[in-house]
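A.B. asks: Quick one, start01.cif (mmCIF, C-alpha atoms):
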data_target
loop_
_atom_site.group_PDB
_atom_site.id
_atom_site.type_symbol
_atom_site.label_atom_id
_atom_site.label_comp_id
_atom_site.auth_asym_id
_atom_site.auth_seq_id
_atom_site.Cartn_x
_atom_site.Cartn_y
_atom_site.Cartn_z
ATOM 1 C CA MET A 1 -269.083 90.083 17.188
ATOM 2 C CA ASP A 2 -270.815 92.230 14.568
ATOM 3 C CA LEU A 3 -268.553 93.946 12.055
ATOM 4 C CA ALA A 4 -269.573 96.513 9.439
ATOM 5 C CA VAL A 5 -269.040 94.750 6.103
ATOM 6 C CA THR A 6 -269.252 96.485 2.713
ATOM 7 C CA GLN A 7 -269.076 94.616 -0.585
ATOM 8 C CA GLU A 8 -267.239 96.563 -3.273
ATOM 9 C CA GLN A 9 -266.971 95.771 -6.983
ATOM 10 C CA GLY A 10 -264.483 93.177 -8.164
ATOM 11 C CA GLY A 11 -264.764 90.752 -5.258
ATOM 12 C CA ILE A 12 -263.452 93.235 -2.720
ATOM 13 C CA VAL A 13 -264.888 93.285 0.778
ATOM 14 C CA VAL A 14 -264.214 96.097 3.252
ATOM 15 C CA ILE A 15 -264.504 95.136 6.912
ATOM 16 C CA GLY A 16 -264.610 97.653 9.752
ATOM 17 C CA ALA A 17 -262.493 96.642 12.762
ATOM 18 C CA PRO A 18 -264.053 96.977 16.234
ATOM 19 C CA GLU A 19 -262.752 99.436 18.830
ATOM 20 C CA ARG A 20 -260.611 96.847 20.567
ATOM 21 C CA VAL A 21 -259.116 93.465 19.742
ATOM 22 C CA ASP A 22 -257.332 91.764 22.610
ATOM 23 C CA GLY A 23 -256.885 88.346 24.165
ATOM 24 C CA THR A 24 -260.448 88.373 25.457
ATOM 25 C CA ASN A 25 -262.184 88.794 22.075
ATOM 26 C CA ALA A 26 -259.602 87.805 19.433
ATOM 27 C CA ARG A 27 -261.310 84.461 18.690
ATOM 28 C CA ASP A 28 -264.669 86.169 18.149
ATOM 29 C CA PHE A 29 -262.948 88.704 15.929
ATOM 30 C CA GLN A 30 -261.338 85.954 13.860
ATOM 31 C CA SER A 31 -264.675 84.143 13.431
ATOM 32 C CA ALA A 32 -266.346 87.412 12.408
ATOM 33 C CA LEU A 33 -263.627 88.035 9.815
ATOM 34 C CA GLU A 34 -264.003 84.511 8.451
ATOM 35 C CA GLY A 35 -267.754 85.069 8.254
ATOM 36 C CA ALA A 36 -267.294 88.306 6.302
ATOM 37 C CA ILE A 37 -265.124 86.640 3.652
ATOM 38 C CA ALA A 38 -267.079 84.741 0.999
ATOM 39 C CA ASP A 39 -265.820 82.052 -1.388
ATOM 40 C CA ASN A 40 -265.637 84.611 -4.194
ATOM 41 C CA THR A 41 -263.827 87.256 -2.133
ATOM 42 C CA ARG A 42 -260.670 88.215 -3.986
ATOM 43 C CA ALA A 43 -259.423 90.784 -1.560
ATOM 44 C CA ALA A 44 -260.343 91.926 1.920
ATOM 45 C CA VAL A 45 -259.590 95.376 3.316
ATOM 46 C CA LEU A 46 -259.661 95.801 7.079
ATOM 47 C CA ASP A 47 -260.595 99.391 7.887
ATOM 48 C CA MET A 48 -258.932 100.167 11.232
ATOM 49 C CA SER A 49 -260.127 103.753 11.642
ATOM 50 C CA GLY A 50 -262.211 102.732 14.667
ATOM 51 C CA LEU A 51 -259.559 100.460 16.198
ATOM 52 C CA ALA A 52 -258.031 102.073 19.275
ATOM 53 C CA TYR A 53 -256.313 99.007 20.734
ATOM 54 C CA ILE A 54 -254.837 95.754 19.475
ATOM 55 C CA SER A 55 -252.520 93.258 21.176
ATOM 56 C CA SER A 56 -250.580 90.258 19.870
ATOM 57 C CA ALA A 57 -253.741 88.119 20.139
ATOM 58 C CA GLY A 58 -255.502 90.443 17.691
ATOM 59 C CA LEU A 59 -252.532 90.501 15.326
ATOM 60 C CA ARG A 60 -252.514 86.706 15.400
ATOM 61 C CA ALA A 61 -256.136 86.688 14.147
ATOM 62 C CA ILE A 62 -255.238 89.122 11.342
ATOM 63 C CA LEU A 63 -252.228 87.042 10.304
ATOM 64 C CA LEU A 64 -254.348 83.873 10.171
ATOM 65 C CA ILE A 65 -256.864 85.600 7.881
ATOM 66 C CA ALA A 66 -254.058 86.996 5.693
ATOM 67 C CA LYS A 67 -252.518 83.520 5.353
ATOM 68 C CA SER A 68 -255.895 81.981 4.553
ATOM 69 C CA LEU A 69 -256.608 84.556 1.814
ATOM 70 C CA GLN A 70 -253.104 84.227 0.401
ATOM 71 C CA GLY A 71 -253.557 80.452 0.291
ATOM 72 C CA ARG A 72 -256.326 80.921 -2.276
ATOM 73 C CA ASP A 73 -254.655 83.698 -4.261
ATOM 74 C CA GLY A 74 -256.469 86.431 -2.399
ATOM 75 C CA SER A 75 -255.051 89.206 -0.274
ATOM 76 C CA LEU A 76 -255.615 91.197 2.879
ATOM 77 C CA SER A 77 -254.697 94.844 3.301
ATOM 78 C CA VAL A 78 -255.384 97.277 6.133
ATOM 79 C CA CYS A 79 -256.167 100.977 6.084
ATOM 80 C CA SER A 80 -256.651 104.042 8.281
ATOM 81 C CA LEU A 81 -254.501 102.943 11.215
ATOM 82 C CA THR A 82 -254.556 105.063 14.359
ATOM 83 C CA ASP A 83 -251.125 106.098 15.714
ATOM 84 C CA SER A 84 -250.661 103.448 18.401
ATOM 85 C CA VAL A 85 -251.989 100.663 16.189
ATOM 86 C CA LYS A 86 -249.598 101.781 13.478
ATOM 87 C CA GLU A 87 -246.718 101.588 15.941
ATOM 88 C CA VAL A 88 -247.660 98.031 16.902
ATOM 89 C CA PHE A 89 -247.832 97.106 13.203
ATOM 90 C CA GLU A 90 -244.362 98.523 12.660
ATOM 91 C CA ILE A 91 -242.740 96.958 15.739
ATOM 92 C CA SER A 92 -244.158 93.552 14.841
ATOM 93 C CA GLY A 93 -243.071 93.841 11.206
ATOM 94 C CA PHE A 94 -246.671 93.238 10.117
ATOM 95 C CA ASP A 95 -246.291 96.227 7.819
ATOM 96 C CA ASN A 96 -243.763 94.095 5.878
ATOM 97 C CA VAL A 97 -246.284 91.371 5.102
ATOM 98 C CA ILE A 98 -249.648 93.134 5.080
ATOM 99 C CA PRO A 99 -250.032 96.246 2.890
ATOM 100 C CA VAL A 100 -250.906 99.336 4.954
ATOM 101 C CA ARG A 101 -252.936 102.010 3.107
ATOM 102 C CA ALA A 102 -253.754 105.519 4.231
ATOM 103 C CA SER A 103 -257.482 105.330 3.519
ATOM 104 C CA ARG A 104 -260.235 102.993 2.387
ATOM 105 C CA GLU A 105 -260.166 104.646 -1.040
ATOM 106 C CA ASP A 106 -256.400 104.111 -1.344
ATOM 107 C CA ALA A 107 -256.767 100.464 -0.345
ATOM 108 C CA ILE A 108 -259.454 99.842 -2.971
ATOM 109 C CA ALA A 109 -257.563 101.795 -5.639
ATOM 110 C CA ALA A 110 -254.437 99.721 -4.988
ATOM 111 C CA LEU A 111 -256.404 96.551 -5.717
ATOM 112 C CA ASN A 112 -257.761 97.731 -9.083
ATOM 113 C CA MET B 1 -253.452 102.483 49.266
ATOM 114 C CA SER B 2 -251.981 105.565 47.727
ATOM 115 C CA ALA B 3 -253.888 107.246 44.882
ATOM 116 C CA HIS B 4 -251.182 106.640 42.315
ATOM 117 C CA LEU B 5 -251.019 102.874 42.882
ATOM 118 C CA LEU B 6 -253.109 100.100 41.371
ATOM 119 C CA HIS B 7 -252.870 96.720 43.050
ATOM 120 C CA LEU B 8 -254.591 93.552 41.836
ATOM 121 C CA GLU B 9 -254.397 89.963 43.046
ATOM 122 C CA THR B 10 -256.315 87.185 41.312
ATOM 123 C CA ALA B 11 -256.115 83.729 39.776
ATOM 124 C CA ALA B 12 -254.876 84.151 36.201
ATOM 125 C CA THR B 13 -257.518 82.987 33.717
ATOM 126 C CA LEU B 14 -258.889 84.369 30.461
ATOM 127 C CA GLU B 15 -261.832 85.787 32.423
ATOM 128 C CA THR B 16 -259.710 87.521 35.050
ATOM 129 C CA VAL B 17 -257.444 88.992 32.354
ATOM 130 C CA GLU B 18 -260.563 90.795 31.152
ATOM 131 C CA ASP B 19 -261.095 92.140 34.691
ATOM 132 C CA ILE B 20 -257.434 93.152 34.903
ATOM 133 C CA LEU B 21 -257.708 95.102 31.630
ATOM 134 C CA THR B 22 -260.893 96.814 32.802
ATOM 135 C CA ALA B 23 -259.043 97.858 35.969
ATOM 136 C CA MET B 24 -256.145 99.141 33.845
ATOM 137 C CA ASP B 25 -258.556 101.233 31.764
ATOM 138 C CA GLY B 26 -260.083 102.728 34.917
ATOM 139 C CA PHE B 27 -256.666 103.472 36.393
ATOM 140 C CA ALA B 28 -255.478 105.087 33.137
ATOM 141 C CA GLU B 29 -258.497 107.361 33.233
ATOM 142 C CA GLN B 30 -258.081 108.175 36.915
ATOM 143 C CA GLN B 31 -254.388 108.995 36.401
ATOM 144 C CA ASN B 32 -255.163 110.993 33.275
ATOM 145 C CA TRP B 33 -252.562 109.118 31.221
ATOM 146 C CA PRO B 34 -252.094 110.271 27.637
ATOM 147 C CA PRO B 35 -253.544 107.751 25.124
ATOM 148 C CA LYS B 36 -250.148 106.426 24.046
ATOM 149 C CA LEU B 37 -249.092 105.642 27.618
ATOM 150 C CA ALA B 38 -252.458 104.014 28.357
ATOM 151 C CA PHE B 39 -252.077 101.888 25.225
ATOM 152 C CA THR B 40 -248.547 100.767 26.091
ATOM 153 C CA ALA B 41 -249.341 99.975 29.731
ATOM 154 C CA ARG B 42 -252.465 98.004 28.783
ATOM 155 C CA LEU B 43 -250.569 96.109 26.117
ATOM 156 C CA VAL B 44 -247.667 94.982 28.303
ATOM 157 C CA VAL B 45 -249.983 93.981 31.171
ATOM 158 C CA GLU B 46 -252.220 92.057 28.761
ATOM 159 C CA GLU B 47 -249.323 90.244 27.089
ATOM 160 C CA LEU B 48 -247.770 89.143 30.382
ATOM 161 C CA ALA B 49 -251.069 88.257 32.095
ATOM 162 C CA MET B 50 -252.315 86.316 29.040
ATOM 163 C CA ASN B 51 -249.079 84.388 29.024
ATOM 164 C CA VAL B 52 -249.443 83.445 32.690
ATOM 165 C CA ALA B 53 -253.102 82.475 32.130
ATOM 166 C CA SER B 54 -252.300 80.442 28.991
ATOM 167 C CA TYR B 55 -249.019 78.747 29.878
ATOM 168 C CA GLY B 56 -248.458 79.177 33.611
ATOM 169 C CA SER B 57 -250.147 75.946 34.657
ATOM 170 C CA ASP B 58 -250.699 72.460 33.177
ATOM 171 C CA ASP B 59 -253.941 72.080 35.074
ATOM 172 C CA PRO B 60 -256.820 74.400 34.054
ATOM 173 C CA ALA B 61 -258.458 73.672 37.427
ATOM 174 C CA LYS B 62 -255.440 75.184 39.183
ATOM 175 C CA PRO B 63 -254.616 78.481 37.489
ATOM 176 C CA PRO B 64 -251.554 80.361 38.777
ATOM 177 C CA ASP B 65 -252.020 83.354 41.031
ATOM 178 C CA ILE B 66 -250.992 86.727 39.665
ATOM 179 C CA GLU B 67 -250.279 89.934 41.540
ATOM 180 C CA ILE B 68 -249.987 93.194 39.613
ATOM 181 C CA THR B 69 -248.895 96.557 40.993
ATOM 182 C CA VAL B 70 -248.811 99.658 38.814
ATOM 183 C CA ASP B 71 -247.093 102.737 40.214
ATOM 184 C CA SER B 72 -247.898 105.894 38.253
ATOM 185 C CA GLU B 73 -245.226 108.500 38.995
ATOM 186 C CA PRO B 74 -244.905 111.880 37.277
ATOM 187 C CA ASP B 75 -241.778 110.806 35.379
ATOM 188 C CA PHE B 76 -242.279 107.075 34.935
ATOM 189 C CA LEU B 77 -244.592 104.120 35.246
ATOM 190 C CA ARG B 78 -243.512 101.015 37.102
ATOM 191 C CA ILE B 79 -245.371 97.763 36.478
ATOM 192 C CA ASP B 80 -244.585 94.929 38.841
ATOM 193 C CA ILE B 81 -245.976 91.463 38.156
ATOM 194 C CA LYS B 82 -245.556 88.342 40.272
ATOM 195 C CA ASP B 83 -247.029 84.965 39.379
ATOM 196 C CA THR B 84 -246.952 81.455 40.765
ATOM 197 C CA GLY B 85 -246.830 79.855 37.297
ATOM 198 C CA ARG B 86 -244.020 77.754 35.870
ATOM 199 C CA PRO B 87 -240.629 79.497 35.798
ATOM 200 C CA PHE B 88 -240.383 81.724 32.759
ATOM 201 C CA ASP B 89 -237.867 84.456 31.996
ATOM 202 C CA PRO B 90 -239.285 86.615 29.175
ATOM 203 C CA LYS B 91 -235.737 87.167 27.942
ATOM 204 C CA ASP B 92 -235.572 83.450 27.073
ATOM 205 C CA ALA B 93 -238.462 83.784 24.596
ATOM 206 C CA PRO B 94 -237.153 83.788 21.003
ATOM 207 C CA ASP B 95 -237.700 86.992 19.043
ATOM 208 C CA PRO B 96 -240.128 86.668 16.126
ATOM 209 C CA ASP B 97 -238.683 86.924 12.615
ATOM 210 C CA ILE B 98 -240.217 90.255 11.747
ATOM 211 C CA ASN B 99 -238.798 90.098 8.210
ATOM 212 C CA ALA B 100 -240.346 86.736 7.270
ATOM 213 C CA SER B 101 -242.717 86.482 4.304
ATOM 214 C CA ILE B 102 -246.402 85.980 4.955
ATOM 215 C CA GLU B 103 -246.133 82.221 4.245
ATOM 216 C CA ASP B 104 -243.197 81.816 6.615
ATOM 217 C CA ARG B 105 -244.355 84.230 9.256
ATOM 218 C CA ARG B 106 -245.083 82.242 12.395
ATOM 219 C CA ILE B 107 -248.256 82.688 14.384
ATOM 220 C CA GLY B 108 -247.511 83.979 17.854
ATOM 221 C CA GLY B 109 -244.325 84.832 19.695
ATOM 222 C CA LEU B 110 -245.070 88.535 19.552
ATOM 223 C CA GLY B 111 -246.246 89.223 23.101
ATOM 224 C CA HIS B 112 -242.890 89.257 24.835
ATOM 225 C CA TYR B 113 -241.315 91.054 21.940
ATOM 226 C CA PHE B 114 -243.820 93.899 22.446
ATOM 227 C CA VAL B 115 -243.059 93.986 26.174
ATOM 228 C CA ASP B 116 -239.349 94.196 25.469
ATOM 229 C CA GLU B 117 -239.679 96.794 22.701
ATOM 230 C CA MET B 118 -242.250 99.028 24.378
ATOM 231 C CA THR B 119 -240.734 99.326 27.847
ATOM 232 C CA ASP B 120 -237.503 101.030 28.863
ATOM 233 C CA GLU B 121 -236.355 98.568 31.512
ATOM 234 C CA MET B 122 -237.234 94.976 32.318
ATOM 235 C CA VAL B 123 -235.917 93.025 35.300
ATOM 236 C CA TYR B 124 -236.781 89.367 35.860
ATOM 237 C CA ARG B 125 -236.052 87.231 38.869
ATOM 238 C CA ARG B 126 -237.365 83.973 40.221
ATOM 239 C CA GLU B 127 -237.894 84.207 43.959
ATOM 240 C CA ASP B 128 -240.097 82.430 46.525
ATOM 241 C CA ASP B 129 -241.301 80.076 43.745
ATOM 242 C CA LYS B 130 -242.674 83.052 41.827
ATOM 243 C CA ASN B 131 -241.807 84.790 38.587
ATOM 244 C CA HIS B 132 -241.247 88.447 39.327
ATOM 245 C CA ILE B 133 -241.030 90.983 36.510
ATOM 246 C CA THR B 134 -240.520 94.706 37.006
ATOM 247 C CA LEU B 135 -241.018 96.988 34.013
ATOM 248 C CA THR B 136 -240.310 100.681 33.779
ATOM 249 C CA ILE B 137 -241.724 103.029 31.169
ATOM 250 C CA TYR B 138 -240.326 106.569 31.219
ATOM 251 C CA ARG B 139 -242.843 109.290 30.515
ATOM 252 C CA ILE B 140 -240.377 111.875 29.267
#
Step by step, read the file and then write its structure as C-alpha cells.

C.D. replies:
Amino acid sequence: MDLAVTQEQGGIVVIGAPERVDGTNARDFQSALEGAIADNTRAAVLDMSGLAYISSAGLRAILLIAKSLQGRDGSLSVCSLTDSVKEVFEISGFDNVIPVRASREDAIAALN
Amino acid sequence: MSAHLLHLETAATLETVEDILTAMDGFAEQQNWPPKLAFTARLVVEELAMNVASYGSDDPAKPPDIEITVDSEPDFLRIDIKDTGRPFDPKDAPDPDINASIEDRRIGGLGHYFVDEMTDEMVYRREDDKNHITLTIYRI
C-alpha cells in the first residue's frame, strides 16, 4: 500500500490515510505506517481527510502504531476525520487515547 | 429475488469477506443508501463476517459457511446472518475498556462492541447447528 508521506520540521511525519481500511487491507496499512515512521520520527500525524471507511481491524493497526510510538517517547495524533470515522473513533473511545485535531495545521501546531 | 434484498452464501474466509464487502457496496449504491447508513451496514457485516472467518473454525481447510441476507426497507434495514462456525453469542463478548490509557488499551475486542452500539436491535439464537443473528437498523 502506498501512502502519501510528508516530512515536516522537528521529526514530525504526516501520513495520508487511504480511502478505506478494513479487515482485508489492515495488515498492509500497518506495514505501510511502520515503513513511513523512521528511527528519528518524534511524532506521526495521520491525516484522515481521505478516509471514508474504517473498521475495528483498521483501528487495531492504528492502536499498534500509537503504542509503538509511545514506547519510544513518540506520539501519534490524527486529523481531519470525516463524520462516520469520527463517530467510530468516539464509540471506540479512541479519541480518549489518540489526540484528534481538526486539521493538519492544528495537529502540527499542537506538537510544537 | 426481490429488488430490495441482497442474499449471499459462501465459505467464510478473508478472501470471501472482501467479496461480501464489495457486494455490500454495490447494494448500498443500488438502494441509494445515505453514506452514514452504508457505512454502518458495511461495518456490522464486516465485523461479524470477519469474526466467523477468523474464529469460526479450528481448521483453515474447512472454513464455516456463512449466509447473509440484507433487507432494505423504507423505514429500516434488517441484516440476517447465519453461520456454521462454533457457537458464539455476540452478547457474551466482553466490552472493551474504552477509558483505558494507551498503554493499557487492549488490541481488539471492538468488533462486537461496534455491532451492538451501531444497531438498534440484535437477536441471537443457535438453531440447526448454526449461529443466527438478526440485526435491525432504523432509518428514521

A.B. asks: For chain B, which residue among A:Asp47, A:Glu34, A:Glu90, A:Asp2 is the nearest when counting all atoms listed in the file?

C.D. replies: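 Residue with the minimum atom-to-atom distance to chain B: A:Glu90.
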
A.B. asks: Selection in question (the file shown): the PyMOL selection byres ((chain A) within 9 of (chain B)). Which residues does it include, as a compact mmCIF listing (two decimals) with C-alpha atoms, in the frame of the given file?

C.D. replies:
# COMPACT_ATOMS: atom_id res chain seq x y z
CA ASP A 22 -257.33 91.76 22.61
CA GLY A 23 -256.88 88.35 24.16
CA THR A 24 -260.45 88.37 25.46
CA ALA A 52 -258.03 102.07 19.27
CA TYR A 53 -256.31 99.01 20.73
CA ILE A 54 -254.84 95.75 19.48
CA SER A 55 -252.52 93.26 21.18
CA SER A 56 -250.58 90.26 19.87
CA ALA A 57 -253.74 88.12 20.14
CA LEU A 59 -252.53 90.50 15.33
CA ARG A 60 -252.51 86.71 15.40
CA ALA A 61 -256.14 86.69 14.15
CA LEU A 63 -252.23 87.04 10.30
CA LEU A 64 -254.35 83.87 10.17
CA ALA A 66 -254.06 87.00 5.69
CA LYS A 67 -252.52 83.52 5.35
CA GLN A 70 -253.10 84.23 0.40
CA GLY A 71 -253.56 80.45 0.29
CA ASP A 83 -251.12 106.10 15.71
CA SER A 84 -250.66 103.45 18.40
CA VAL A 88 -247.66 98.03 16.90
CA ILE A 91 -242.74 96.96 15.74
CA SER A 92 -244.16 93.55 14.84
CA GLY A 93 -243.07 93.84 11.21
CA PHE A 94 -246.67 93.24 10.12
CA ASN A 96 -243.76 94.10 5.88
CA VAL A 97 -246.28 91.37 5.10
CA ILE A 98 -249.65 93.13 5.08

A.B. asks: Hey, can you check how far CA of Pro87 in chain B sits from CA of Thr136 in chain B?

C.D. replies: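 About the pair CA of Pro87 in chain B and CA of Thr136 in chain B: they are 21.3 Å apart.
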
A.B. asks: Run the PyMOL selection byres ((chain B and resi 80) around 6) against the file shown and list the residues it catches, as a short mmCIF file (atom, residue, chain, number, x, y, z; two decimals) with C-alpha atoms, in the coordinates of the input.

C.D. replies:
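Written output follows (result.cif):
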data_model
loop_
_atom_site.label_atom_id
_atom_site.label_comp_id
_atom_site.auth_asym_id
_atom_site.auth_seq_id
_atom_site.Cartn_x
_atom_site.Cartn_y
_atom_site.Cartn_z
CA ILE B 68 -249.99 93.19 39.61
CA THR B 69 -248.90 96.56 40.99
CA ILE B 79 -245.37 97.76 36.48
CA ILE B 81 -245.98 91.46 38.16
CA ILE B 133 -241.03 90.98 36.51
CA THR B 134 -240.52 94.71 37.01
#

A.B. asks: Can you translate the PyMOL selection byres ((chain A and resi 9-12) around 6) into the concrete residues it hits in this file, as number ranges by chain?

C.D. replies: A: 8, 13, 41-44

A.B. asks: Within 7 Å of Leu46 in chain A, counting only C-alpha atoms, which residues qualify if same-chain residues fewer than 2 places away don't, as a list in words?

C.D. replies: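 Here the answer would be Val14, Ile15, Gly16, Ala17, Ala44, Met48, Ser77, Val78 and Cys79 of chain A.
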
A.B. asks: I'd like the interatomic distance between CA of Ser31 in chain A and CA of Ser49 in chain A, to a tenth of an Å.

C.D. replies: 20.2 Å

A.B. asks: Quick one: of A:Asn25, A:Lys86, A:Ile62, A:Ala38, who's nearest to Ala102 in chain A, counting all atoms listed in the file?

C.D. replies: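 Ranked by minimum distance to Ala102 in chain A, first place goes to A:Lys86.
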
A.B. asks: Suppose you want the space between CA of Lys62 in chain B and CA of Lys130 in chain B; what is it in Å?

C.D. replies: 15.2 Å

A.B. asks: Kindly indicate which residue among A:Val45, A:Gln30, A:Leu3, A:Gly50 lies nearest to Ala109 in chain A, using only C-alpha atoms for the distances.

C.D. replies: A:Val45

A.B. asks: Env of Arg139 in chain B: 12 Å cut, atoms = only C-alpha atoms, seq-sep filter 4 positions within chain, self excluded. Answer as a PyMOL selection string.

C.D. replies: chain B and resi 33-34+36-38+40-41+72-78+118-120

A.B. asks: At most 6 Å from (-251.0, 85.5, 44.9), file frame, all atoms listed in the file: which residues, as a ChimeraX atom specification?

C.D. replies: /B:9,65-67
